[in-house]
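Q: Take a look at query_30.tsv, TSV, C-alpha atoms (C1' of nucleotides):
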```tsv
chain	number	residue	atom	x	y	z
A	1285	MET	CA	10.17	24.02	105.87
A	1286	HIS	CA	7.96	22.10	103.50
A	1287	LEU	CA	7.10	18.96	105.26
A	1288	ASN	CA	4.07	16.86	104.50
A	1289	ARG	CA	4.82	16.38	100.91
A	1290	LEU	CA	2.97	13.35	99.76
A	1291	PRO	CA	2.06	10.06	101.31
A	1292	MET	CA	4.33	10.20	104.27
A	1293	ASN	CA	6.31	7.15	104.99
A	1294	ALA	CA	9.33	7.02	107.19
A	1295	LEU	CA	11.76	7.90	104.45
A	1296	HIS	CA	12.49	11.49	105.18
A	1297	SER	CA	15.80	12.89	106.07
A	1298	LEU	CA	16.12	15.41	108.82
A	1299	ASN	CA	15.24	18.43	106.79
A	1300	GLY	CA	12.10	16.96	105.33
A	1301	GLU	CA	13.43	15.72	102.04
A	1302	LEU	CA	13.07	12.26	100.69
A	1303	SER	CA	16.12	10.21	101.30
A	1304	ARG	CA	16.61	9.40	97.63
A	1305	PRO	CA	19.59	11.48	96.61
A	1306	ASP	CA	19.31	13.74	93.60
A	1307	LEU	CA	20.29	17.17	92.40
A	1308	GLU	CA	17.82	18.87	94.67
A	1309	SER	CA	19.59	17.50	97.70
A	1310	ARG	CA	22.36	19.95	97.03
A	1311	ALA	CA	20.09	22.73	98.25
A	1312	GLY	CA	20.91	23.87	101.74
A	1313	PRO	CA	18.58	25.28	104.38
A	1314	ASP	CA	19.85	28.75	103.57
A	1315	ASP	CA	19.06	28.51	99.88
A	1316	HIS	CA	16.13	30.52	98.65
A	1317	ASP	CA	12.84	29.20	97.42
A	1318	ASP	CA	13.45	30.02	93.80
A	1319	LEU	CA	16.65	28.03	93.81
A	1320	ARG	CA	14.98	25.02	95.40
A	1321	LEU	CA	12.19	25.32	92.90
A	1322	TRP	CA	14.64	25.38	90.03
A	1323	LEU	CA	16.52	22.33	91.31
A	1324	ARG	CA	13.28	20.44	91.64
A	1325	LEU	CA	12.26	21.41	88.14
A	1326	LEU	CA	15.63	20.36	86.78
A	1327	THR	CA	15.54	17.04	88.58
A	1328	CYS	CA	12.09	16.20	87.26
A	1329	CYS	CA	13.07	17.09	83.76
A	1330	ASN	CA	16.32	15.18	83.80
A	1331	LEU	CA	14.69	12.07	85.18
A	1332	ILE	CA	11.99	12.00	82.55
A	1333	GLU	CA	14.13	13.15	79.67
A	1334	GLY	CA	16.75	10.56	80.48
A	1335	ASP	CA	14.14	7.86	80.41
A	1336	ILE	CA	12.73	9.04	77.09
A	1337	ARG	CA	16.18	9.13	75.53
A	1338	ARG	CA	16.96	5.65	76.78
A	1339	ARG	CA	13.73	4.22	75.43
A	1340	LEU	CA	14.06	5.94	72.08
A	1341	ARG	CA	17.52	4.46	71.75
A	1342	ILE	CA	16.62	0.96	72.88
A	1343	ASP	CA	13.21	0.57	71.28
A	1344	PHE	CA	13.70	2.60	68.11
A	1345	GLU	CA	17.41	3.20	67.67
A	1346	THR	CA	16.86	6.91	67.49
A	1347	THR	CA	17.56	10.03	69.52
A	1348	LEU	CA	15.53	12.84	71.01
A	1349	PRO	CA	16.56	15.50	68.48
A	1350	ARG	CA	15.72	13.16	65.61
A	1351	PHE	CA	12.39	12.42	67.21
A	1352	ASP	CA	11.75	16.12	67.78
A	1353	LEU	CA	12.55	17.02	64.23
A	1354	MET	CA	10.14	14.42	62.90
A	1355	ALA	CA	7.51	15.55	65.39
A	1356	GLN	CA	7.78	19.09	64.07
A	1357	LEU	CA	7.37	17.85	60.53
A	1358	LEU	CA	4.36	15.64	61.20
A	1359	ARG	CA	2.27	18.67	62.03
A	1360	VAL	CA	3.11	20.40	58.77
A	1361	PRO	CA	2.53	17.89	55.97
A	1362	GLU	CA	3.72	20.37	53.35
A	1363	GLY	CA	7.07	20.54	55.11
A	1364	MET	CA	9.17	23.24	56.74
A	1365	LYS	CA	12.23	25.23	55.80
A	1366	MET	CA	15.38	24.28	57.66
A	1367	SER	CA	15.62	27.72	59.19
A	1368	GLU	CA	12.11	27.31	60.57
A	1369	LEU	CA	13.09	23.98	62.07
A	1370	SER	CA	16.13	25.62	63.55
A	1371	ARG	CA	14.00	28.23	65.29
A	1372	HIS	CA	11.47	25.75	66.58
A	1373	MET	CA	14.04	23.36	67.92
A	1374	MET	CA	16.17	26.18	69.26
A	1375	VAL	CA	19.41	24.84	67.86
A	1376	THR	CA	21.70	26.26	65.22
A	1377	ASN	CA	21.43	25.66	61.53
A	1378	GLY	CA	24.34	23.29	61.20
A	1379	ASN	CA	22.75	20.84	63.59
A	1380	ILE	CA	19.56	20.74	61.56
A	1381	THR	CA	21.63	19.92	58.50
A	1382	GLY	CA	23.26	17.04	60.34
A	1383	ILE	CA	20.05	15.49	61.64
A	1384	THR	CA	18.36	15.98	58.30
A	1385	ASP	CA	21.25	14.24	56.55
A	1386	GLN	CA	20.82	11.18	58.75
A	1387	LEU	CA	17.07	11.03	58.36
A	1388	GLU	CA	17.27	11.57	54.63
A	1389	LYS	CA	19.80	8.77	54.28
A	1390	GLU	CA	17.35	6.47	56.03
A	1391	GLY	CA	14.54	7.58	53.76
A	1392	LEU	CA	12.51	9.13	56.56
A	1393	VAL	CA	12.54	12.73	55.31
A	1394	GLU	CA	13.19	14.37	51.96
A	1395	ARG	CA	14.54	17.73	50.86
A	1396	LEU	CA	12.57	19.64	48.25
A	1397	LYS	CA	13.96	22.59	46.34
A	1398	VAL	CA	11.69	25.60	46.43
A	1399	ALA	CA	11.33	27.70	43.31
A	1400	SER	CA	10.77	31.06	44.98
A	1401	ASP	CA	14.08	31.03	46.87
A	1402	ARG	CA	16.82	28.90	45.49
A	1403	ARG	CA	18.80	28.97	48.72
A	1404	SER	CA	16.05	27.26	50.69
A	1405	SER	CA	15.03	23.67	51.08
A	1406	ILE	CA	11.74	22.37	52.31
A	1407	ILE	CA	12.03	19.29	54.48
A	1408	ARG	CA	9.12	16.92	54.87
A	1409	LEU	CA	8.40	13.43	56.07
A	1410	THR	CA	8.28	10.70	53.47
A	1411	PRO	CA	5.41	8.20	53.72
A	1412	LYS	CA	7.89	5.80	55.28
A	1413	GLY	CA	8.92	8.50	57.72
A	1414	LYS	CA	5.32	9.17	58.61
A	1415	ARG	CA	4.67	5.53	59.36
A	1416	ALA	CA	7.84	5.16	61.37
A	1417	PHE	CA	7.20	8.31	63.34
A	1418	LYS	CA	3.63	7.42	64.18
A	1419	LYS	CA	4.80	4.20	65.79
A	1420	MET	CA	7.34	6.07	67.85
A	1421	ALA	CA	4.90	8.80	68.78
A	1422	ASP	CA	2.41	6.23	70.04
A	1423	ALA	CA	5.01	4.60	72.22
A	1424	HIS	CA	6.27	7.98	73.37
A	1425	GLU	CA	2.80	9.02	74.42
A	1426	HIS	CA	2.38	5.85	76.42
A	1427	TRP	CA	5.67	6.41	78.21
A	1428	ILE	CA	4.64	9.91	79.15
A	1429	GLN	CA	1.22	8.86	80.27
A	1430	SER	CA	2.57	6.06	82.38
A	1431	LEU	CA	4.77	8.57	84.16
A	1432	PHE	CA	2.22	11.35	84.52
A	1433	SER	CA	-0.91	9.32	85.08
A	1434	GLY	CA	-0.35	9.19	88.82
A	1435	LEU	CA	-0.53	12.98	89.08
A	1436	SER	CA	-3.64	14.36	90.69
A	1437	ASP	CA	-5.84	16.40	88.39
A	1438	LYS	CA	-5.21	19.36	90.59
A	1439	SER	CA	-1.45	19.06	90.22
A	1440	ARG	CA	-1.66	18.45	86.51
A	1441	LYS	CA	-3.69	21.59	86.00
A	1442	ALA	CA	-1.56	23.62	88.39
A	1443	LEU	CA	1.61	22.50	86.65
A	1444	PHE	CA	0.32	23.30	83.22
A	1445	ASP	CA	-0.75	26.80	84.17
A	1446	ALA	CA	2.25	27.66	86.28
A	1447	LEU	CA	4.66	26.34	83.66
A	1448	GLY	CA	2.89	28.42	81.07
A	1449	GLU	CA	3.54	31.46	83.20
A	1450	LEU	CA	7.15	30.49	83.73
A	1451	LYS	CA	7.77	29.77	80.08
A	1452	LEU	CA	6.46	33.14	79.04
A	1453	LEU	CA	8.58	34.82	81.69
A	1454	ALA	CA	11.71	32.99	80.66
A	1455	GLN	CA	11.19	33.55	76.96
A	1456	THR	CA	10.55	37.21	77.53
A	1457	ARG	CA	13.51	37.82	79.79
A	1458	LEU	CA	15.94	35.77	77.78
A	1459	ALA	CA	14.90	37.38	74.51
A	1460	ALA	CA	15.26	40.80	76.09
A	1461	ARG	CA	18.97	40.21	76.33
A	1462	ASP	CA	19.58	40.11	72.59
B	1022	MET	CA	11.82	38.09	60.03
B	1023	HIS	CA	11.95	38.52	63.78
B	1024	LEU	CA	9.10	40.77	64.32
B	1025	ASN	CA	7.05	40.14	67.37
B	1026	ARG	CA	9.90	40.02	69.78
B	1027	LEU	CA	8.47	40.82	73.11
B	1028	PRO	CA	5.43	42.31	74.75
B	1029	MET	CA	2.22	40.43	74.40
B	1030	ASN	CA	-0.01	41.71	71.74
B	1031	ALA	CA	-2.37	39.98	69.43
B	1032	LEU	CA	0.13	37.36	68.38
B	1033	HIS	CA	-1.54	34.11	69.20
B	1034	SER	CA	-1.77	31.27	66.83
B	1035	LEU	CA	-5.09	29.66	66.17
B	1036	ASN	CA	-5.04	27.28	69.07
B	1037	GLY	CA	-4.17	29.86	71.67
B	1038	GLU	CA	-0.42	29.41	71.85
B	1039	LEU	CA	2.09	32.18	71.73
B	1040	SER	CA	3.54	32.67	68.32
B	1041	ARG	CA	7.08	32.24	69.58
B	1042	PRO	CA	8.14	28.88	68.24
B	1043	ASP	CA	9.47	26.28	70.62
B	1044	LEU	CA	9.31	22.59	71.29
B	1045	GLU	CA	5.78	22.81	72.61
B	1046	SER	CA	4.56	24.05	69.30
B	1047	ARG	CA	5.04	20.56	67.98
B	1048	ALA	CA	1.99	19.46	69.94
B	1049	GLY	CA	-1.08	19.04	67.80
B	1050	PRO	CA	-4.70	19.51	68.76
B	1051	ASP	CA	-5.11	15.76	69.01
B	1052	ASP	CA	-2.27	15.32	71.46
B	1053	HIS	CA	-3.20	14.52	75.01
B	1054	ASP	CA	-2.82	16.71	78.04
B	1055	ASP	CA	0.04	14.80	79.56
B	1056	LEU	CA	2.06	15.14	76.39
B	1057	ARG	CA	1.44	18.88	76.17
B	1058	LEU	CA	2.35	19.19	79.83
B	1059	TRP	CA	5.59	17.32	79.26
B	1060	LEU	CA	6.54	19.47	76.28
B	1061	ARG	CA	5.88	22.59	78.29
B	1062	LEU	CA	7.98	21.27	81.15
B	1063	LEU	CA	10.79	20.37	78.78
B	1064	THR	CA	10.71	23.75	77.08
B	1065	CYS	CA	10.90	25.61	80.38
B	1066	CYS	CA	13.75	23.49	81.56
B	1067	ASN	CA	15.73	23.75	78.35
B	1068	LEU	CA	15.34	27.51	78.20
B	1069	ILE	CA	16.55	28.04	81.72
B	1070	GLU	CA	19.22	25.37	81.70
B	1071	GLY	CA	20.61	26.66	78.44
B	1072	ASP	CA	20.89	30.12	79.91
B	1073	ILE	CA	22.60	28.84	83.04
B	1074	ARG	CA	25.10	26.85	81.00
B	1075	ARG	CA	25.86	29.82	78.80
B	1076	ARG	CA	26.40	32.13	81.74
B	1077	LEU	CA	28.55	29.65	83.62
B	1078	ARG	CA	30.71	29.33	80.56
B	1079	ILE	CA	30.97	33.02	79.77
B	1080	ASP	CA	31.22	34.45	83.27
B	1081	PHE	CA	33.13	31.67	85.02
B	1082	GLU	CA	34.58	29.41	82.35
B	1083	THR	CA	32.93	26.40	83.90
B	1084	THR	CA	30.15	23.95	83.17
B	1085	LEU	CA	26.97	22.81	84.83
B	1086	PRO	CA	28.28	19.41	85.97
B	1087	ARG	CA	31.35	21.04	87.48
B	1088	PHE	CA	29.15	23.57	89.21
B	1089	ASP	CA	26.84	20.82	90.45
B	1090	LEU	CA	29.68	18.78	91.83
B	1091	MET	CA	31.04	21.74	93.75
B	1092	ALA	CA	27.54	22.58	94.98
B	1093	GLN	CA	27.19	19.09	96.40
B	1094	LEU	CA	30.51	19.44	98.18
B	1095	LEU	CA	29.82	22.84	99.70
B	1096	ARG	CA	27.07	21.38	101.82
B	1097	VAL	CA	29.35	18.71	103.26
B	1098	PRO	CA	32.53	20.41	104.44
B	1099	GLU	CA	34.06	17.10	105.47
B	1100	GLY	CA	33.72	15.90	101.89
B	1101	MET	CA	31.98	13.04	100.10
B	1102	LYS	CA	32.99	9.74	98.63
B	1103	MET	CA	33.01	9.61	94.85
B	1104	SER	CA	30.34	6.94	94.85
B	1105	GLU	CA	28.11	9.22	96.91
B	1106	LEU	CA	28.66	12.02	94.44
B	1107	SER	CA	27.82	9.62	91.66
B	1108	ARG	CA	24.48	8.78	93.26
B	1109	HIS	CA	23.58	12.36	93.97
B	1110	MET	CA	24.44	13.59	90.53
B	1111	MET	CA	22.87	10.56	88.90
B	1112	VAL	CA	25.78	9.90	86.60
B	1113	THR	CA	28.18	6.99	86.46
B	1114	ASN	CA	31.38	6.69	88.36
B	1115	GLY	CA	33.72	7.33	85.47
B	1116	ASN	CA	32.25	10.75	84.89
B	1117	ILE	CA	32.82	11.76	88.48
B	1118	THR	CA	36.44	10.76	88.09
B	1119	GLY	CA	36.76	12.97	85.03
B	1120	ILE	CA	35.19	16.06	86.55
B	1121	THR	CA	37.13	15.56	89.77
B	1122	ASP	CA	40.37	15.32	87.80
B	1123	GLN	CA	39.72	18.69	86.19
B	1124	LEU	CA	38.75	20.41	89.43
B	1125	GLU	CA	41.68	18.90	91.28
B	1126	LYS	CA	44.09	20.09	88.62
B	1127	GLU	CA	42.75	23.61	89.11
B	1128	GLY	CA	43.13	23.34	92.85
B	1129	LEU	CA	39.41	23.62	93.54
B	1130	VAL	CA	38.91	20.21	95.14
B	1131	GLU	CA	41.20	17.65	96.74
B	1132	ARG	CA	41.16	13.89	97.11
B	1133	LEU	CA	41.80	12.48	100.56
B	1134	LYS	CA	42.64	8.86	101.20
B	1135	VAL	CA	40.48	7.31	103.87
B	1136	ALA	CA	42.09	4.92	106.31
B	1137	SER	CA	39.11	2.67	106.90
B	1138	ASP	CA	38.72	1.69	103.24
B	1139	ARG	CA	41.74	1.98	101.05
B	1140	ARG	CA	39.69	1.82	97.86
B	1141	SER	CA	37.79	4.99	98.67
B	1142	SER	CA	38.60	8.63	98.28
B	1143	ILE	CA	36.95	11.54	99.98
B	1144	ILE	CA	36.58	14.60	97.80
B	1145	ARG	CA	36.23	18.00	99.33
B	1146	LEU	CA	36.49	21.64	98.35
B	1147	THR	CA	39.76	23.37	99.01
B	1148	PRO	CA	39.61	26.87	100.55
B	1149	LYS	CA	40.25	28.22	97.08
B	1150	GLY	CA	37.43	26.06	95.75
B	1151	LYS	CA	35.10	27.30	98.44
B	1152	ARG	CA	35.82	30.91	97.60
B	1153	ALA	CA	35.47	30.33	93.89
B	1154	PHE	CA	32.25	28.41	94.30
B	1155	LYS	CA	30.65	30.96	96.55
B	1156	LYS	CA	31.13	33.62	93.92
B	1157	MET	CA	29.54	31.41	91.31
B	1158	ALA	CA	26.72	30.38	93.59
B	1159	ASP	CA	25.86	34.00	94.31
B	1160	ALA	CA	25.71	34.82	90.64
B	1161	HIS	CA	23.76	31.64	89.94
B	1162	GLU	CA	21.20	32.52	92.56
B	1163	HIS	CA	20.75	35.95	91.04
B	1164	TRP	CA	20.23	34.48	87.60
B	1165	ILE	CA	17.58	32.15	88.92
B	1166	GLN	CA	15.85	34.83	90.89
B	1167	SER	CA	15.81	37.22	87.99
B	1168	LEU	CA	14.07	34.52	85.94
B	1169	PHE	CA	11.65	33.33	88.60
B	1170	SER	CA	10.92	36.58	90.40
B	1171	GLY	CA	8.09	37.42	88.05
B	1172	LEU	CA	6.17	34.29	89.04
B	1173	SER	CA	3.13	34.86	91.17
B	1174	ASP	CA	3.35	33.44	94.68
B	1175	LYS	CA	0.48	31.20	93.83
B	1176	SER	CA	2.27	29.75	90.82
B	1177	ARG	CA	5.51	29.40	92.67
B	1178	LYS	CA	3.86	27.43	95.44
B	1179	ALA	CA	1.78	25.38	93.04
B	1180	LEU	CA	4.83	24.53	90.98
B	1181	PHE	CA	6.87	23.50	93.96
B	1182	ASP	CA	4.22	21.18	95.30
B	1183	ALA	CA	3.19	19.70	91.98
B	1184	LEU	CA	6.79	19.12	90.95
B	1185	GLY	CA	7.38	17.42	94.27
B	1186	GLU	CA	4.57	15.06	93.46
B	1187	LEU	CA	5.86	14.48	89.94
B	1188	LYS	CA	9.41	13.89	91.08
B	1189	LEU	CA	8.35	11.29	93.57
B	1190	LEU	CA	6.21	9.59	90.94
B	1191	ALA	CA	8.98	9.55	88.39
B	1192	GLN	CA	11.61	8.34	90.82
B	1193	THR	CA	9.33	5.58	92.02
B	1194	ARG	CA	8.27	4.37	88.61
B	1195	LEU	CA	11.70	4.57	87.07
B	1196	ALA	CA	13.32	2.80	90.00
B	1197	ALA	CA	10.67	0.10	89.80
B	1198	ARG	CA	12.04	-0.92	86.44
B	1199	ASP	CA	15.40	-2.10	87.77
C	1074	DT	C1'	24.82	43.37	52.86
C	1075	DA	C1'	22.01	39.80	54.85
C	1076	DT	C1'	20.26	35.21	54.75
C	1077	DT	C1'	20.06	29.98	53.66
C	1078	DG	C1'	22.15	26.13	54.14
C	1079	DT	C1'	26.58	23.42	54.33
C	1080	DT	C1'	30.92	21.99	56.13
C	1081	DA	C1'	34.47	21.44	59.46
C	1082	DT	C1'	35.77	21.44	64.03
C	1083	DA	C1'	36.07	21.18	68.89
C	1084	DC	C1'	34.38	20.40	73.28
C	1085	DT	C1'	31.33	18.79	76.96
C	1086	DC	C1'	28.58	15.25	78.65
C	1087	DT	C1'	27.35	10.62	79.05
C	1088	DA	C1'	27.10	5.47	79.09
C	1089	DT	C1'	29.46	1.20	78.64
C	1090	DA	C1'	32.77	-1.90	79.69
C	1091	DA	C1'	37.23	-3.68	80.99
C	1092	DC	C1'	40.43	-3.13	84.55
C	1093	DT	C1'	42.89	-2.63	89.55
C	1094	DA	C1'	42.91	-2.81	94.14
C	1095	DT	C1'	40.82	-3.54	97.76
C	1096	DA	C1'	36.92	-5.47	100.86
D	1038	DT	C1'	32.17	-12.17	95.04
D	1039	DA	C1'	31.21	-7.44	95.44
D	1040	DT	C1'	32.60	-2.70	95.68
D	1041	DA	C1'	35.52	1.83	94.80
D	1042	DG	C1'	37.56	4.08	91.63
D	1043	DT	C1'	40.12	4.42	87.10
D	1044	DT	C1'	40.75	4.22	82.23
D	1045	DA	C1'	39.45	4.02	77.47
D	1046	DT	C1'	36.21	4.58	74.06
D	1047	DA	C1'	32.32	5.88	71.38
D	1048	DG	C1'	28.48	8.56	70.46
D	1049	DA	C1'	25.19	12.39	71.47
D	1050	DG	C1'	24.62	17.06	71.54
D	1051	DT	C1'	25.92	21.55	70.80
D	1052	DA	C1'	28.25	25.95	69.49
D	1053	DT	C1'	31.29	28.43	66.52
D	1054	DA	C1'	33.02	29.98	62.44
D	1055	DA	C1'	34.19	30.02	57.60
D	1056	DC	C1'	32.08	29.38	53.31
D	1057	DA	C1'	29.06	29.34	48.78
D	1058	DA	C1'	25.01	30.56	46.67
D	1059	DT	C1'	21.37	33.51	46.53
D	1060	DA	C1'	18.46	37.36	47.97
```
Do you think you could lay out the structure here as structure tokens?
A:
Amino acid sequence: MHLNRLPMNALHSLNGELSRPDLESRAGPDDHDDLRLWLRLLTCCNLIEGDIRRRLRIDFETTLPRFDLMAQLLRVPEGMKMSELSRHMMVTNGNITGITDQLEKEGLVERLKVASDRRSSIIRLTPKGKRAFKKMADAHEHWIQSLFSGLSDKSRKALFDALGELKLLAQTRLAARD
Amino acid sequence: MHLNRLPMNALHSLNGELSRPDLESRAGPDDHDDLRLWLRLLTCCNLIEGDIRRRLRIDFETTLPRFDLMAQLLRVPEGMKMSELSRHMMVTNGNITGITDQLEKEGLVERLKVASDRRSSIIRLTPKGKRAFKKMADAHEHWIQSLFSGLSDKSRKALFDALGELKLLAQTRLAARD
DNA sequence: TATTGTTATACTCTATAACTATA
DNA sequence: TATAGTTATAGAGTATAACAATA
């Protein structure tokens, strides 16, 4: 099928895959291309995401959702409503409350009451939160770069474009089911 | 508040992104390409994986790890050792025990003692498990195809190759840290 | 009536580590 | 000593649903 992947060494199994076992190795010769593509995508993502989670925990005693929430806030210095955060992070409201509670307790974010709608809160990073997040974001960027830096420019560009196409497709088709 | 559901119109934010909020929208103009690429990859994966999990739960009352375990077994009719499953699924041994317990209780897999090594078990699908899994796998393949079918052939091919490169990179670099 | 945010809850997934029985 | 599998535990992550206050 798809031989000649990358630098060929002797480590291929009979059907042309690398011998390192992973999720993709569950694909059989009769499985279709889209399925193989999906398994490869999932394997890549899980590998990298798992590493990021591990490092966030070990180096910063934090988690990916906490990191994500702070990342969202950094870009909007005036803060965001919790419902906005919920949409961006694609999780339900209650979870945002929980993460916000933790971060607020540690002095990294603060809730502000908004006059125009007394149900709403605006969440924003405190100065301490900004400093703490910038350290993490720097490290995070280095982790990512050290993983992606070996990619050829061609692959990097191809990935970015093709994933853009896929994301739009997925968002469109999934939203169409509501 | 949810205007702009679907078809593409003039709804781009200033920096050329779609207005639909997602994880990638946390990237700022000063963030580097690799980081944006990673966020896009993560968003794609989360969208699709979330949908798969939801459908597995609703249509088949099962979960992704259970599905994955059965998928691994289908390809090896004679069964696999639990430690092999653990490697392939990239989770620790205890978790394989847990999932296997569930599936065994439902009659979908069976443990066989192996004579040559009395510590080991071979796990394999029962006939009932095979039938049940094939139904799920068919549905699963349709879900995937209905999401990916809109991809251009060019993008599909580019994705597959570039992800192959990335997977190898990630596996190599992450393994190098042990 | 609908929305914002909170609370309570339950379940899956996962890693860690201590344990057993073999090898 | 090392490995195969089990058990127990704790925490992450998430969804669901009921609720209060406000729109």
Q: Which distance in Å separates atom CA of A:Ile1342 and atom CA of A:Val1393, to one decimal?
A: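 We find that atom CA of A:Ile1342 and atom CA of A:Val1393 lie 21.5 Å from each other.
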Q: Nearest to A:Thr1410 among A:Asp1422, A:Arg1371, A:Met1354, A:Gln1386, with distances taken over all atoms listed in the file: which residue is it?
A: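 The closest residue to A:Thr1410 is A:Met1354.
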Q: So these two share a sequence; what Cα RMSD do you get laying chain B over chain A, all Cα, in order, least squares?
A: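 Answer to one decimal place: 3.8 Å.
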Q: With a distance cut-off of 10 Å and all atoms listed in the file, select the neighbouring residues of C:DT1082, excluding the residue or stretch itself and same-chain residues fewer than 2 positions from it, and output the selection as JSON, numbers by chain.
A: {"C": [1080, 1084], "D": [1053, 1054]}
Q: Can you work out the spacing between atom CA of A:Arg1339 and atom CA of B:Leu1195 in Å, to one decimal?
A: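 That distance, rounded to one decimal, is 11.8 Å.
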Q: When the cut-off is 12 Å and we count all atoms listed in the file, which residues of chain D are near chain A, given as a list of chain:residue names?
A: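 Residues passing the distance filter: D:DG1048, D:DA1049, D:DG1050, D:DT1051, D:DA1052, D:DT1053, D:DA1054, D:DA1057, D:DA1058, D:DT1059, D:DA1060.
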Q: Next, write the just-selected residues to a file, as a PDB file, keeping the file's coordinate frame, keeping C-alpha atoms (C1' of nucleotides) as the atom set.
A:
```pdb
ATOM      1  C1'  DG D1048      28.480   8.560  70.460  1.00  0.00           C
ATOM      2  C1'  DA D1049      25.190  12.390  71.470  1.00  0.00           C
ATOM      3  C1'  DG D1050      24.620  17.060  71.540  1.00  0.00           C
ATOM      4  C1'  DT D1051      25.920  21.550  70.800  1.00  0.00           C
ATOM      5  C1'  DA D1052      28.250  25.950  69.490  1.00  0.00           C
ATOM      6  C1'  DT D1053      31.290  28.430  66.520  1.00  0.00           C
ATOM      7  C1'  DA D1054      33.020  29.980  62.440  1.00  0.00           C
ATOM      8  C1'  DA D1057      29.060  29.340  48.780  1.00  0.00           C
ATOM      9  C1'  DA D1058      25.010  30.560  46.670  1.00  0.00           C
ATOM     10  C1'  DT D1059      21.370  33.510  46.530  1.00  0.00           C
ATOM     11  C1'  DA D1060      18.460  37.360  47.970  1.00  0.00           C
TER      12       DA D1060
END
```
Q: Can you pull out every residue within 12 Å of B:Asp1080, counting only C-alpha atoms (C1' of nucleotides), but drop anything in the same chain fewer than 2 positions away, and send it as a PyMOL selection string?
A: chain B and resi 1072-1078+1082-1084+1156-1158+1160-1161+1164
Q: Atom CA of B:Pro1042 to atom CA of A:His1372: how many Å, to one decimal?
A: 4.9 Å
Q: Taking into account all atoms listed in the file, which residue in the set B:Met1103, B:Ile1143, B:Ala1183, B:Ala1196 is nearest to chain A?
A: B:Ala1183
Q: Taking into account only C-alpha atoms, which residue in the set B:Phe1081, B:Trp1059, B:Phe1154, B:Phe1088 is nearest to chain A?
A: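 The closest residue to chain A is B:Trp1059.
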Q: Here is a test: counting all atoms listed in the file, which residue of B:Ala1179, B:Asp1054, B:Glu1099, B:Ile1117 is nearest to chain C?
A: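 Checking each of B:Ala1179, B:Asp1054, B:Glu1099, B:Ile1117 against chain C, counting all atoms listed in the file, the winner is B:Ile1117.
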Q: Restrict the distance test to only C-alpha atoms (C1' of nucleotides), flag each residue of chain C within 8 Å of chain B, and return the flagged residues as a list in words.
A: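 The selection requested is DT1087, DA1088, DA1094, DT1095 and DA1096 of chain C.
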